[in-house]
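K.L.:
See data_2.pdb below, with PDB, C-alpha atoms and all ligand atoms.
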ATOM      1  CA  MET A   1      -9.652 -16.196  -8.247
ATOM      2  CA  GLU A   2     -12.311 -16.570  -5.575
ATOM      3  CA  PHE A   3     -11.427 -13.840  -3.082
ATOM      4  CA  VAL A   4      -9.431 -11.240  -4.989
ATOM      5  CA  THR A   5     -10.253  -9.178  -8.073
ATOM      6  CA  TYR A   6      -7.878  -7.167 -10.217
ATOM      7  CA  GLU A   7      -8.992  -4.436 -12.571
ATOM      8  CA  VAL A   8      -7.044  -1.956 -14.699
ATOM      9  CA  LYS A   9      -8.298   1.478 -15.742
ATOM     10  CA  GLY A  10      -5.836   3.435 -17.843
ATOM     11  CA  GLN A  11      -2.511   3.132 -16.048
ATOM     12  CA  VAL A  12      -3.990   2.432 -12.616
ATOM     13  CA  GLY A  13      -4.662  -1.083 -11.322
ATOM     14  CA  THR A  14      -7.025  -1.886  -8.449
ATOM     15  CA  ILE A  15      -6.682  -5.039  -6.375
ATOM     16  CA  THR A  16      -9.780  -5.720  -4.265
ATOM     17  CA  ILE A  17      -9.956  -8.205  -1.404
ATOM     18  CA  ASN A  18     -13.390  -9.678  -1.887
ATOM     19  CA  ARG A  19     -14.493 -11.823   1.016
ATOM     20  CA  PRO A  20     -17.204  -9.595   2.485
ATOM     21  CA  LYS A  21     -18.955 -12.375   4.445
ATOM     22  CA  ALA A  22     -15.896 -12.515   6.722
ATOM     23  CA  LEU A  23     -15.271  -8.763   6.490
ATOM     24  CA  ASN A  24     -12.424  -9.520   4.058
ATOM     25  CA  ALA A  25     -10.404 -11.362   6.723
ATOM     26  CA  LEU A  26      -7.119 -12.765   5.455
ATOM     27  CA  ASN A  27      -7.066 -16.544   5.310
ATOM     28  CA  SER A  28      -4.398 -18.574   3.467
ATOM     29  CA  ALA A  29      -6.413 -18.587   0.246
ATOM     30  CA  VAL A  30      -6.732 -14.769   0.296
ATOM     31  CA  LEU A  31      -2.993 -14.418   0.937
ATOM     32  CA  ASP A  32      -2.220 -16.806  -1.962
ATOM     33  CA  GLU A  33      -4.571 -14.986  -4.314
ATOM     34  CA  LEU A  34      -3.193 -11.585  -3.335
ATOM     35  CA  ASN A  35       0.269 -12.899  -4.093
ATOM     36  CA  GLU A  36      -0.961 -14.074  -7.493
ATOM     37  CA  ALA A  37      -2.674 -10.740  -8.196
ATOM     38  CA  PHE A  38       0.512  -8.756  -7.463
ATOM     39  CA  ASP A  39       2.514 -11.169  -9.639
ATOM     40  CA  SER A  40       0.089 -10.650 -12.506
ATOM     41  CA  VAL A  41       0.506  -6.839 -12.638
ATOM     42  CA  ASP A  42       1.965  -5.831 -15.994
ATOM     43  CA  LEU A  43       4.521  -3.199 -15.026
ATOM     44  CA  ASN A  44       4.771  -1.965 -18.621
ATOM     45  CA  GLU A  45       1.112  -1.026 -18.502
ATOM     46  CA  VAL A  46       0.331  -0.141 -14.887
ATOM     47  CA  ARG A  47       2.081   2.688 -13.036
ATOM     48  CA  CYS A  48       0.227   2.853  -9.731
ATOM     49  CA  LEU A  49      -1.866   0.344  -7.752
ATOM     50  CA  ILE A  50      -4.776   0.714  -5.366
ATOM     51  CA  LEU A  51      -5.468  -1.922  -2.700
ATOM     52  CA  THR A  52      -8.957  -1.933  -1.206
ATOM     53  CA  GLY A  53     -11.619  -4.172   0.323
ATOM     54  CA  ALA A  54     -15.018  -5.096  -1.094
ATOM     55  CA  GLY A  55     -18.177  -3.699   0.519
ATOM     56  CA  GLU A  56     -18.941  -0.696   2.663
ATOM     57  CA  LYS A  57     -18.004  -1.978   6.072
ATOM     58  CA  SER A  58     -14.543  -3.406   6.060
ATOM     59  CA  PHE A  59     -11.180  -3.027   4.380
ATOM     60  CA  VAL A  60      -9.746  -6.111   6.138
ATOM     61  CA  ALA A  61     -10.900  -7.206   9.631
ATOM     62  CA  GLY A  62      -7.607  -8.984  10.278
ATOM     63  CA  ALA A  63      -6.086 -12.361   9.768
ATOM     64  CA  ASP A  64      -8.712 -15.111   9.812
ATOM     65  CA  ILE A  65      -9.196 -15.956  13.475
ATOM     66  CA  GLY A  66     -11.071 -19.191  12.674
ATOM     67  CA  GLU A  67      -8.189 -20.488  10.576
ATOM     68  CA  MET A  68      -5.551 -19.318  13.081
ATOM     69  CA  SER A  69      -7.298 -20.760  16.127
ATOM     70  CA  THR A  70      -6.247 -24.353  15.429
ATOM     71  CA  LEU A  71      -2.717 -23.751  14.134
ATOM     72  CA  SER A  72       0.205 -25.586  15.633
ATOM     73  CA  LYS A  73       3.412 -23.620  16.332
ATOM     74  CA  ALA A  74       4.900 -24.759  13.021
ATOM     75  CA  GLU A  75       1.720 -23.916  11.104
ATOM     76  CA  GLY A  76       1.515 -20.532  12.851
ATOM     77  CA  GLU A  77       5.053 -19.805  11.746
ATOM     78  CA  ALA A  78       4.277 -20.863   8.168
ATOM     79  CA  PHE A  79       1.135 -18.671   8.145
ATOM     80  CA  GLY A  80       3.154 -15.743   9.495
ATOM     81  CA  LYS A  81       5.802 -16.261   6.807
ATOM     82  CA  LYS A  82       3.194 -16.395   4.040
ATOM     83  CA  GLY A  83       1.787 -13.053   5.225
ATOM     84  CA  ASN A  84       5.156 -11.466   5.838
ATOM     85  CA  ASP A  85       6.471 -12.484   2.402
ATOM     86  CA  LEU A  86       3.397 -10.971   0.774
ATOM     87  CA  PHE A  87       3.548  -7.771   2.833
ATOM     88  CA  LEU A  88       7.255  -7.362   1.993
ATOM     89  CA  LYS A  89       6.382  -7.853  -1.667
ATOM     90  CA  ILE A  90       3.761  -5.073  -1.426
ATOM     91  CA  GLU A  91       6.124  -2.759   0.461
ATOM     92  CA  SER A  92       8.912  -3.170  -2.082
ATOM     93  CA  PHE A  93       6.620  -3.481  -5.101
ATOM     94  CA  PRO A  94       8.276  -1.485  -7.891
ATOM     95  CA  ILE A  95       5.347   0.913  -8.368
ATOM     96  CA  PRO A  96       3.423   2.800  -5.642
ATOM     97  CA  VAL A  97       0.585   0.976  -3.888
ATOM     98  CA  ILE A  98      -2.069   3.132  -2.190
ATOM     99  CA  ALA A  99      -4.346   1.609   0.458
ATOM    100  CA  ALA A 100      -7.955   2.800   0.070
ATOM    101  CA  VAL A 101      -9.223   1.873   3.522
ATOM    102  CA  ASN A 102     -13.009   1.504   3.405
ATOM    103  CA  GLY A 103     -13.896   0.491   6.965
ATOM    104  CA  PHE A 104     -12.311  -1.870   9.514
ATOM    105  CA  ALA A 105      -8.535  -2.172   9.223
ATOM    106  CA  LEU A 106      -7.795  -4.356  12.226
ATOM    107  CA  GLY A 107      -4.808  -6.573  12.975
ATOM    108  CA  GLY A 108      -3.589  -7.945   9.643
ATOM    109  CA  GLY A 109      -5.837  -5.342   7.980
ATOM    110  CA  CYS A 110      -4.028  -2.447   9.614
ATOM    111  CA  GLU A 111      -0.747  -4.222   8.835
ATOM    112  CA  ILE A 112      -1.454  -4.753   5.137
ATOM    113  CA  SER A 113      -2.401  -1.074   4.841
ATOM    114  CA  LEU A 114       0.935  -0.216   6.494
ATOM    115  CA  SER A 115       2.807  -2.205   3.856
ATOM    116  CA  CYS A 116       1.307   0.108   1.222
ATOM    117  CA  ASP A 117       3.029   3.404   0.384
ATOM    118  CA  PHE A 118       0.326   5.479   2.058
ATOM    119  CA  ARG A 119      -3.253   5.296   3.206
ATOM    120  CA  ILE A 120      -6.408   7.243   2.330
ATOM    121  CA  CYS A 121      -9.495   6.235   4.313
ATOM    122  CA  SER A 122     -13.229   6.711   4.462
ATOM    123  CA  GLU A 123     -14.960   8.384   7.424
ATOM    124  CA  ASN A 124     -16.128   4.991   8.768
ATOM    125  CA  ALA A 125     -12.610   3.542   8.900
ATOM    126  CA  ILE A 126     -11.399   2.023  12.169
ATOM    127  CA  PHE A 127      -7.747   1.114  12.664
ATOM    128  CA  GLY A 128      -6.297  -1.067  15.392
ATOM    129  CA  GLN A 129      -4.032  -3.910  16.420
ATOM    130  CA  PRO A 130      -6.274  -6.016  18.694
ATOM    131  CA  GLU A 131      -3.896  -9.011  18.851
ATOM    132  CA  VAL A 132      -2.953  -8.859  22.533
ATOM    133  CA  GLY A 133      -6.632  -9.360  23.349
ATOM    134  CA  LEU A 134      -6.410 -12.639  21.413
ATOM    135  CA  GLY A 135      -3.259 -13.763  23.217
ATOM    136  CA  ILE A 136      -0.810 -13.060  20.378
ATOM    137  CA  THR A 137       1.447 -10.268  19.164
ATOM    138  CA  PRO A 138       0.824  -8.575  15.823
ATOM    139  CA  GLY A 139       2.284 -11.086  13.356
ATOM    140  CA  PHE A 140       2.423  -9.350  10.007
ATOM    141  CA  GLY A 141       4.851  -6.571  10.874
ATOM    142  CA  GLY A 142       2.537  -4.382  12.992
ATOM    143  CA  THR A 143       5.011  -3.843  15.805
ATOM    144  CA  GLN A 144       7.520  -2.589  13.248
ATOM    145  CA  ARG A 145       5.590  -0.699  10.575
ATOM    146  CA  LEU A 146       3.065   0.970  12.895
ATOM    147  CA  ALA A 147       5.894   2.261  15.083
ATOM    148  CA  ARG A 148       7.697   3.580  12.014
ATOM    149  CA  ALA A 149       4.519   5.225  10.716
ATOM    150  CA  VAL A 150       3.207   6.940  13.850
ATOM    151  CA  GLY A 151       6.107   6.837  16.315
ATOM    152  CA  THR A 152       6.849   4.348  19.063
ATOM    153  CA  GLY A 153       4.773   6.007  21.797
ATOM    154  CA  MET A 154       1.561   6.082  19.791
ATOM    155  CA  ALA A 155       2.154   2.575  18.375
ATOM    156  CA  LYS A 156       2.856   1.170  21.845
ATOM    157  CA  GLN A 157      -0.307   2.729  23.273
ATOM    158  CA  MET A 158      -2.403   1.304  20.424
ATOM    159  CA  ILE A 159      -0.788  -2.165  20.493
ATOM    160  CA  TYR A 160      -0.496  -2.705  24.296
ATOM    161  CA  GLY A 161      -4.047  -1.427  24.843
ATOM    162  CA  ALA A 162      -5.538  -3.171  21.772
ATOM    163  CA  ARG A 163      -7.059   0.262  21.226
ATOM    164  CA  ASN A 164      -8.988   0.921  18.028
ATOM    165  CA  ILE A 165      -8.952   4.421  16.596
ATOM    166  CA  LYS A 166     -11.355   6.202  14.279
ATOM    167  CA  ALA A 167     -10.522   7.919  11.003
ATOM    168  CA  ALA A 168     -10.129  11.397  12.524
ATOM    169  CA  GLU A 169      -7.547  10.163  15.028
ATOM    170  CA  ALA A 170      -5.765   8.166  12.310
ATOM    171  CA  LEU A 171      -5.451  11.428  10.397
ATOM    172  CA  ARG A 172      -4.254  13.338  13.459
ATOM    173  CA  ILE A 173      -1.448  10.866  14.174
ATOM    174  CA  GLY A 174      -0.380  10.610  10.532
ATOM    175  CA  LEU A 175      -1.506   7.043   9.949
ATOM    176  CA  VAL A 176      -3.594   8.198   6.976
ATOM    177  CA  ASN A 177      -3.032  11.101   4.609
ATOM    178  CA  GLN A 178      -6.670  11.999   4.017
ATOM    179  CA  VAL A 179     -10.170  11.105   5.182
ATOM    180  CA  VAL A 180     -13.068  11.289   2.735
ATOM    181  CA  ALA A 181     -16.726  10.256   2.587
ATOM    182  CA  LEU A 182     -17.093   6.540   1.775
ATOM    183  CA  GLU A 183     -18.590   7.214  -1.663
ATOM    184  CA  GLU A 184     -15.702   9.544  -2.448
ATOM    185  CA  LEU A 185     -12.993   7.080  -1.429
ATOM    186  CA  ILE A 186     -12.346   5.232  -4.691
ATOM    187  CA  PRO A 187     -12.775   8.319  -6.944
ATOM    188  CA  THR A 188     -10.379  10.265  -4.675
ATOM    189  CA  VAL A 189      -7.766   7.501  -4.613
ATOM    190  CA  GLU A 190      -8.123   6.931  -8.367
ATOM    191  CA  LYS A 191      -7.438  10.631  -8.918
ATOM    192  CA  ILE A 192      -4.344  10.515  -6.681
ATOM    193  CA  ALA A 193      -3.153   7.347  -8.455
ATOM    194  CA  ALA A 194      -3.698   8.877 -11.901
ATOM    195  CA  GLY A 195      -1.704  11.935 -10.777
ATOM    196  CA  ILE A 196       1.190   9.639  -9.837
ATOM    197  CA  ALA A 197       0.807   7.530 -13.011
ATOM    198  CA  LYS A 198       1.255  10.527 -15.283
ATOM    199  CA  ASN A 199       4.726  11.303 -13.890
ATOM    200  CA  ALA A 200       7.945   9.761 -15.197
ATOM    201  CA  PRO A 201       7.666   6.095 -14.115
ATOM    202  CA  ILE A 202      11.373   5.396 -13.708
ATOM    203  CA  ALA A 203      11.702   8.490 -11.515
ATOM    204  CA  VAL A 204       8.649   7.551  -9.410
ATOM    205  CA  ARG A 205       9.948   4.009  -8.893
ATOM    206  CA  ASN A 206      13.364   5.325  -7.940
ATOM    207  CA  CYS A 207      11.783   7.720  -5.425
ATOM    208  CA  LYS A 208       9.984   4.782  -3.791
ATOM    209  CA  LYS A 209      13.197   2.787  -3.675
ATOM    210  CA  ALA A 210      15.191   5.708  -2.282
ATOM    211  CA  ILE A 211      12.677   6.407   0.506
ATOM    212  CA  ASN A 212      12.225   2.729   1.425
ATOM    213  CA  GLU A 213      15.893   1.836   1.354
ATOM    214  CA  GLY A 214      17.168   5.033   2.945
ATOM    215  CA  ILE A 215      14.691   5.553   5.766
ATOM    216  CA  ASP A 216      16.415   3.305   8.317
ATOM    217  CA  LYS A 217      19.975   4.230   7.356
ATOM    218  CA  ASP A 218      22.206   6.952   8.742
ATOM    219  CA  ILE A 219      21.899  10.128   6.698
ATOM    220  CA  ALA A 220      25.227   9.738   4.838
ATOM    221  CA  SER A 221      24.358   6.215   3.672
ATOM    222  CA  ALA A 222      20.801   7.322   2.900
ATOM    223  CA  VAL A 223      21.811  10.198   0.631
ATOM    224  CA  ALA A 224      24.289   7.863  -1.103
ATOM    225  CA  ILE A 225      21.295   5.641  -1.979
ATOM    226  CA  GLU A 226      19.460   8.699  -3.318
ATOM    227  CA  GLU A 227      22.524   9.763  -5.312
ATOM    228  CA  LYS A 228      22.685   6.424  -7.095
ATOM    229  CA  LEU A 229      18.966   6.394  -7.910
ATOM    230  CA  PHE A 230      19.098  10.037  -9.020
ATOM    231  CA  GLY A 231      21.974   9.231 -11.384
ATOM    232  CA  ASP A 232      20.022   6.248 -12.643
ATOM    233  CA  CYS A 233      17.337   8.547 -14.125
ATOM    234  CA  PHE A 234      19.815  10.246 -16.461
ATOM    235  CA  GLU A 235      20.116   9.196 -20.070
ATOM    236  CA  THR A 236      16.542   7.883 -19.959
ATOM    237  CA  GLU A 237      14.200   9.140 -22.665
ATOM    238  CA  ASP A 238      11.826  10.410 -19.985
ATOM    239  CA  GLN A 239      14.508  12.514 -18.251
ATOM    240  CA  ARG A 240      15.589  14.016 -21.563
ATOM    241  CA  TYR A 241      12.026  14.741 -22.605
ATOM    242  CA  GLY A 242      10.959  16.120 -19.191
ATOM    243  CA  MET A 243      13.830  18.576 -19.058
ATOM    244  CA  GLU A 244      13.617  19.545 -22.748
ATOM    245  CA  PHE A 245       9.909  20.239 -22.308
ATOM    246  CA  PHE A 246      10.634  22.558 -19.377
ATOM    247  CA  LEU A 247      13.429  24.364 -21.199
ATOM    248  CA  ASP A 248      11.373  24.808 -24.370
ATOM    249  CA  LYS A 249       9.436  27.966 -23.535
ATOM    250  CA  ASN A 250       6.802  27.273 -26.198
ATOM    251  CA  LYS A 251       3.573  27.671 -24.202
ATOM    252  CA  GLU A 252       1.509  26.138 -27.017
ATOM    253  CA  LYS A 253       3.183  22.749 -26.660
ATOM    254  CA  VAL A 254       1.248  20.020 -24.816
ATOM    255  CA  LYS A 255       3.257  17.667 -22.614
ATOM    256  CA  GLU A 256       3.302  14.144 -23.998
ATOM    257  CA  PRO A 257       2.888  11.080 -21.781
ATOM    258  CA  PHE A 258       6.126   9.675 -20.373
ATOM    259  CA  LYS A 259       7.252   6.477 -22.069
ATOM    260  CA  ASN A 260       8.763   4.531 -19.180
ATOM    261  CA  LYS A 261      12.045   4.375 -21.094
TER     262      LYS A 261
HETATM  263  N1  LIG B 301     -11.433 -13.559  11.126
HETATM  264  C1  LIG B 301     -12.445 -14.387  10.751
HETATM  265  N2  LIG B 301     -13.722 -13.977  10.623
HETATM  266  C2  LIG B 301     -13.982 -12.693  10.886
HETATM  267  C3  LIG B 301     -12.972 -11.767  11.293
HETATM  268  C4  LIG B 301     -11.640 -12.266  11.408
HETATM  269  N3  LIG B 301     -10.603 -11.493  11.736
HETATM  270  N4  LIG B 301     -13.558 -10.576  11.525
HETATM  271  C5  LIG B 301     -14.873 -10.747  11.260
HETATM  272  N5  LIG B 301     -15.143 -12.003  10.892
HETATM  273  C6  LIG B 301     -16.431 -12.586  10.528
HETATM  274  C7  LIG B 301     -17.289 -12.799  11.770
HETATM  275  O1  LIG B 301     -16.955 -14.002  12.410
HETATM  276  C8  LIG B 301     -18.675 -12.843  11.150
HETATM  277  O2  LIG B 301     -18.866 -14.111  10.556
HETATM  278  P1  LIG B 301     -20.293 -14.870  10.665
HETATM  279  O3  LIG B 301     -20.570 -14.999  12.113
HETATM  280  O4  LIG B 301     -21.267 -13.941   9.947
HETATM  281  O5  LIG B 301     -20.070 -16.163   9.947
HETATM  282  C9  LIG B 301     -18.575 -11.826  10.006
HETATM  283  O6  LIG B 301     -17.176 -11.679   9.742
HETATM  284  C10 LIG B 301     -19.141 -10.474  10.401
HETATM  285  O7  LIG B 301     -18.496 -10.070  11.610
HETATM  286  P2  LIG B 301     -19.311  -9.598  12.914
HETATM  287  O8  LIG B 301     -20.648 -10.259  12.960
HETATM  288  O9  LIG B 301     -18.405  -9.772  14.064
HETATM  289  O10 LIG B 301     -19.509  -8.063  12.578
HETATM  290  P3  LIG B 301     -19.638  -6.867  13.606
HETATM  291  O11 LIG B 301     -20.036  -5.674  12.802
HETATM  292  O12 LIG B 301     -20.491  -7.241  14.779
HETATM  293  O13 LIG B 301     -18.165  -6.645  14.161
HETATM  294  C11 LIG B 301     -15.768  -6.406  14.003
HETATM  295  C12 LIG B 301     -17.131  -6.223  13.304
HETATM  296  C13 LIG B 301     -14.660  -6.098  12.967
HETATM  297  C14 LIG B 301     -15.615  -5.412  15.158
HETATM  298  C15 LIG B 301     -15.647  -7.864  14.531
HETATM  299  O14 LIG B 301     -15.965  -8.763  13.454
HETATM  300  C16 LIG B 301     -14.292  -8.187  15.029
HETATM  301  O15 LIG B 301     -13.890  -7.791  16.114
HETATM  302  N6  LIG B 301     -13.544  -8.945  14.214
HETATM  303  C17 LIG B 301     -12.222  -9.413  14.606
HETATM  304  C18 LIG B 301     -11.219  -8.284  14.535
HETATM  305  C19 LIG B 301      -9.867  -8.709  14.982
HETATM  306  O16 LIG B 301      -9.641  -9.073  16.137
HETATM  307  N7  LIG B 301      -8.950  -8.669  14.052
HETATM  308  C20 LIG B 301      -7.575  -9.015  14.311
HETATM  309  C21 LIG B 301      -7.379 -10.453  14.031
HETATM  310  S1  LIG B 301      -5.790 -10.964  14.650
HETATM  311  C22 LIG B 301       0.620 -14.053  12.848
HETATM  312  C23 LIG B 301       0.135 -13.625  11.680
HETATM  313  C24 LIG B 301      -0.845 -12.706  11.644
HETATM  314  C25 LIG B 301      -1.427 -12.206  12.761
HETATM  315  C26 LIG B 301      -0.939 -12.639  13.954
HETATM  316  C27 LIG B 301       0.074 -13.536  14.010
HETATM  317  N8  LIG B 301       1.644 -15.022  12.870
HETATM  318  C28 LIG B 301       1.323 -16.363  12.580
HETATM  319  C29 LIG B 301       3.004 -14.658  13.057
HETATM  320  C30 LIG B 301      -2.520 -11.311  12.667
HETATM  321  C31 LIG B 301      -3.505 -11.354  13.575
HETATM  322  C32 LIG B 301      -4.756 -10.667  13.396
HETATM  323  O17 LIG B 301      -5.032 -10.006  12.434
END
Could I get this structure in the form of C-alpha cells?
Ligand code: DAK

P.N.:
Amino acid sequence: MEFVTYEVKGQVGTITINRPKALNALNSAVLDELNEAFDSVDLNEVRCLILTGAGEKSFVAGADIGEMSTLSKAEGEAFGKKGNDLFLKIESFPIPVIAAVNGFALGGGCEISLSCDFRICSENAIFGQPEVGLGITPGFGGTQRLARAVGTGMAKQMIYGARNIKAAEALRIGLVNQVVALEELIPTVEKIAAGIAKNAPIAVRNCKKAINEGIDKDIASAVAIEEKLFGDCFETEDQRYGMEFFLDKNKEKVKEPFKNK
C-alpha cells in the first residue's frame, strides 16, 4: 500500500495514514487503502487497534480538497459513500479502535477520529469542521457524530462557525479523553490499547456492541440489547476462567491470558 501502513505489536495493531506531504488528507486512494487495512486485521490475533497519522504535524487535515474540487454531483455522492462506508466499518469494527490524534484533525480528519471508539491527542492537536468555509456541509458524518460526542450546542457552534479548537478545549468539551505531549502519544495509546487487549475479548467486543447499538435507543430497548450481549458471554471459556480465577482465593496464582473462546 502506498498511503497506509499496518503494524502489529503483541495483540495491538496500528494503522497509520501515511501521506505527510498532504498532511495525510483523505483522497480516494487513502480511503481504499484504509478499507483494505481494516479488512486485513486478523481478529484472532489482534484485540485492539490504534489509528494515527504519520509525522508530527497532522493526524488528517481533511478530505482531499484538490480531488473534491472538480467532482460532479454524482462523483461527490460516490466519494461521500466511500468515506461513509469506511467510517461505519471503523465505528462498528468488532474490536476497539482508538484514535491517536497527532496534530490537525480537520473536516474528514475530525470525522474519522469520531468514528473511532475514543480519542487521545497530543498537545499540538487542532480539531475542527471547516466545511462551511468551503461551501459544503461536513460529509463524513460530522454533523451526526460530533453532535453525539460533544452535544448539539457545542457541535453547532463549531460547525456553523467553522471554528477550530485546540487540544485543551477538546479535552474540556469531552471530544478527547486525554491530552499528552506529542512524543508520549503513541506510547500512551499503546499502553491503553494493551490494557484493553488483556481483558476477555468476547466481553470487550460485546461491550462495544452494547454501547454502540444501545446509545440511540430508549432505555428499555437499550438494556434489552445489553441483556442479550451479557448472556452471550456465558458458557465461554473466558467467562468460566475469569470467574473461577476470582473465586479461587489462591494469591500465588498468576492470571493467564484470555483465550478469546
Ligand atoms: N486536502 C488536500 N491537500 C491538503 C489538505 C487537504 N484537506 N490540507 C493540507 N493539504 C496540503 C496543502 O495543500 C499543502 O500542499 P503543497 O502546497 O505543499 O503541495 C500541504 O498539504 C501542506 O499544507 P499547508 O502548506 O497548507 O500547511 P500549513 O501548515 O500552512 O496549514 C492547515 C495547515 C491544516 C491549516 C491547512 O493545510 C489547511 O487549512 N488545510 C485544509 C483543512 C481543511 O479545510 N480541511 C477540511 C477539508 S473539507 C463529502 C465528503 C467529505 C467531506 C465533505 C463532503 N461528501 C462528498 C458527502 C469532507 C470535507 C473535508 O474534510

K.L.:
Residues within 10 Å of Ile112 in chain A, please, as an MDAnalysis selection string. Count all atoms listed in the file; anything in the same chain fewer than 3 positions from it doesn't count.

P.N.:
chainID A and resid 26 51 59:60 62 83:84 86:88 90:91 99 105:109 115:116 140:142 145

K.L.:
How big is the axis-aligned box around all listed atoms of range 123-138 of chain A once 5 Å goes on each side, and where's its centre, in Å to one decimal, as lines of an AutoDock Vina configuration file?

P.N.:
center_x = -7.3
center_y = -2.7
center_z = 15.4
size_x = 27.6
size_y = 32.1
size_z = 25.9

K.L.:
Could you list, as a ChimeraX atom specification, all residues that come within 9 Å of ligand LIG 301 (chain B)? Count all atoms listed in the file.

P.N.:
/A:20-27,57-58,60-68,71,73,75-84,103-111,126,128-134,136-142

K.L.:
Write the residues of the selection above to a file with C-alpha atoms, as a PDB file, keeping the file's coordinate frame.

P.N.:
ATOM      1  CA  PRO A  20     -17.204  -9.595   2.485  1.00  0.00           C
ATOM      2  CA  LYS A  21     -18.955 -12.375   4.445  1.00  0.00           C
ATOM      3  CA  ALA A  22     -15.896 -12.515   6.722  1.00  0.00           C
ATOM      4  CA  LEU A  23     -15.271  -8.763   6.490  1.00  0.00           C
ATOM      5  CA  ASN A  24     -12.424  -9.520   4.058  1.00  0.00           C
ATOM      6  CA  ALA A  25     -10.404 -11.362   6.723  1.00  0.00           C
ATOM      7  CA  LEU A  26      -7.119 -12.765   5.455  1.00  0.00           C
ATOM      8  CA  ASN A  27      -7.066 -16.544   5.310  1.00  0.00           C
ATOM      9  CA  LYS A  57     -18.004  -1.978   6.072  1.00  0.00           C
ATOM     10  CA  SER A  58     -14.543  -3.406   6.060  1.00  0.00           C
ATOM     11  CA  VAL A  60      -9.746  -6.111   6.138  1.00  0.00           C
ATOM     12  CA  ALA A  61     -10.900  -7.206   9.631  1.00  0.00           C
ATOM     13  CA  GLY A  62      -7.607  -8.984  10.278  1.00  0.00           C
ATOM     14  CA  ALA A  63      -6.086 -12.361   9.768  1.00  0.00           C
ATOM     15  CA  ASP A  64      -8.712 -15.111   9.812  1.00  0.00           C
ATOM     16  CA  ILE A  65      -9.196 -15.956  13.475  1.00  0.00           C
ATOM     17  CA  GLY A  66     -11.071 -19.191  12.674  1.00  0.00           C
ATOM     18  CA  GLU A  67      -8.189 -20.488  10.576  1.00  0.00           C
ATOM     19  CA  MET A  68      -5.551 -19.318  13.081  1.00  0.00           C
ATOM     20  CA  LEU A  71      -2.717 -23.751  14.134  1.00  0.00           C
ATOM     21  CA  LYS A  73       3.412 -23.620  16.332  1.00  0.00           C
ATOM     22  CA  GLU A  75       1.720 -23.916  11.104  1.00  0.00           C
ATOM     23  CA  GLY A  76       1.515 -20.532  12.851  1.00  0.00           C
ATOM     24  CA  GLU A  77       5.053 -19.805  11.746  1.00  0.00           C
ATOM     25  CA  ALA A  78       4.277 -20.863   8.168  1.00  0.00           C
ATOM     26  CA  PHE A  79       1.135 -18.671   8.145  1.00  0.00           C
ATOM     27  CA  GLY A  80       3.154 -15.743   9.495  1.00  0.00           C
ATOM     28  CA  LYS A  81       5.802 -16.261   6.807  1.00  0.00           C
ATOM     29  CA  LYS A  82       3.194 -16.395   4.040  1.00  0.00           C
ATOM     30  CA  GLY A  83       1.787 -13.053   5.225  1.00  0.00           C
ATOM     31  CA  ASN A  84       5.156 -11.466   5.838  1.00  0.00           C
ATOM     32  CA  GLY A 103     -13.896   0.491   6.965  1.00  0.00           C
ATOM     33  CA  PHE A 104     -12.311  -1.870   9.514  1.00  0.00           C
ATOM     34  CA  ALA A 105      -8.535  -2.172   9.223  1.00  0.00           C
ATOM     35  CA  LEU A 106      -7.795  -4.356  12.226  1.00  0.00           C
ATOM     36  CA  GLY A 107      -4.808  -6.573  12.975  1.00  0.00           C
ATOM     37  CA  GLY A 108      -3.589  -7.945   9.643  1.00  0.00           C
ATOM     38  CA  GLY A 109      -5.837  -5.342   7.980  1.00  0.00           C
ATOM     39  CA  CYS A 110      -4.028  -2.447   9.614  1.00  0.00           C
ATOM     40  CA  GLU A 111      -0.747  -4.222   8.835  1.00  0.00           C
ATOM     41  CA  ILE A 126     -11.399   2.023  12.169  1.00  0.00           C
ATOM     42  CA  GLY A 128      -6.297  -1.067  15.392  1.00  0.00           C
ATOM     43  CA  GLN A 129      -4.032  -3.910  16.420  1.00  0.00           C
ATOM     44  CA  PRO A 130      -6.274  -6.016  18.694  1.00  0.00           C
ATOM     45  CA  GLU A 131      -3.896  -9.011  18.851  1.00  0.00           C
ATOM     46  CA  VAL A 132      -2.953  -8.859  22.533  1.00  0.00           C
ATOM     47  CA  GLY A 133      -6.632  -9.360  23.349  1.00  0.00           C
ATOM     48  CA  LEU A 134      -6.410 -12.639  21.413  1.00  0.00           C
ATOM     49  CA  ILE A 136      -0.810 -13.060  20.378  1.00  0.00           C
ATOM     50  CA  THR A 137       1.447 -10.268  19.164  1.00  0.00           C
ATOM     51  CA  PRO A 138       0.824  -8.575  15.823  1.00  0.00           C
ATOM     52  CA  GLY A 139       2.284 -11.086  13.356  1.00  0.00           C
ATOM     53  CA  PHE A 140       2.423  -9.350  10.007  1.00  0.00           C
ATOM     54  CA  GLY A 141       4.851  -6.571  10.874  1.00  0.00           C
ATOM     55  CA  GLY A 142       2.537  -4.382  12.992  1.00  0.00           C
TER      56      GLY A 142
END

K.L.:
Could you list the residues chosen by the PyMOL selection byres (((chain A and resi 212) around 12) and not hetatm) in this structure as a list in words?

P.N.:
Leu88, Ile90, Glu91, Ser92, Phe93, Pro94, Pro96, Ser115, Cys116, Asp117, Arg145, Arg148, Arg205, Asn206, Cys207, Lys208, Lys209, Ala210, Ile211, Glu213, Gly214, Ile215, Asp216, Lys217, Ala222, Ile225 and Glu226 of chain A

K.L.:
Please compute the CA of Ala193 in chain A-CA of Ala181 in chain A distance, one decimal, in Å.

P.N.:
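Separation between CA of Ala193 in chain A and CA of Ala181 in chain A: 17.7 Å.
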
K.L.:
CA of Lys191 in chain A to CA of Ala147 in chain A: how many Å, to one decimal?

P.N.:
28.7 Å

K.L.:
Could you write out as a PyMOL selection string the residues that the PyMOL selection byres (((chain A and resi 185-189) around 8) and not hetatm) matches in the shown file?

P.N.:
chain A and resi 50+98+100+102+120-122+180-184+190-193

K.L.:
Using Å and a single decimal, report how far CA of Asn44 in chain A sits from CA of Met1 in chain A.

P.N.:
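According to the coordinates, CA of Met1 in chain A and CA of Asn44 in chain A are separated by 22.8 Å.
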
K.L.:
Just want the 8 Å neighbourhood of Lys166 in chain A, counted on all atoms listed in the file, with same-chain residues fewer than 4 positions away dropped. Output as JSON, numbers by chain.

P.N.:
{"A": [124, 125, 126, 127, 170]}

K.L.:
Using all atoms listed in the file, pick whichever of A:Glu256, A:Asp42, A:Glu169, A:Glu123 has the shortest atom-to-atom distance to Gly13 in chain A.

P.N.:
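Residue with the minimum atom-to-atom distance to Gly13 in chain A: A:Asp42.
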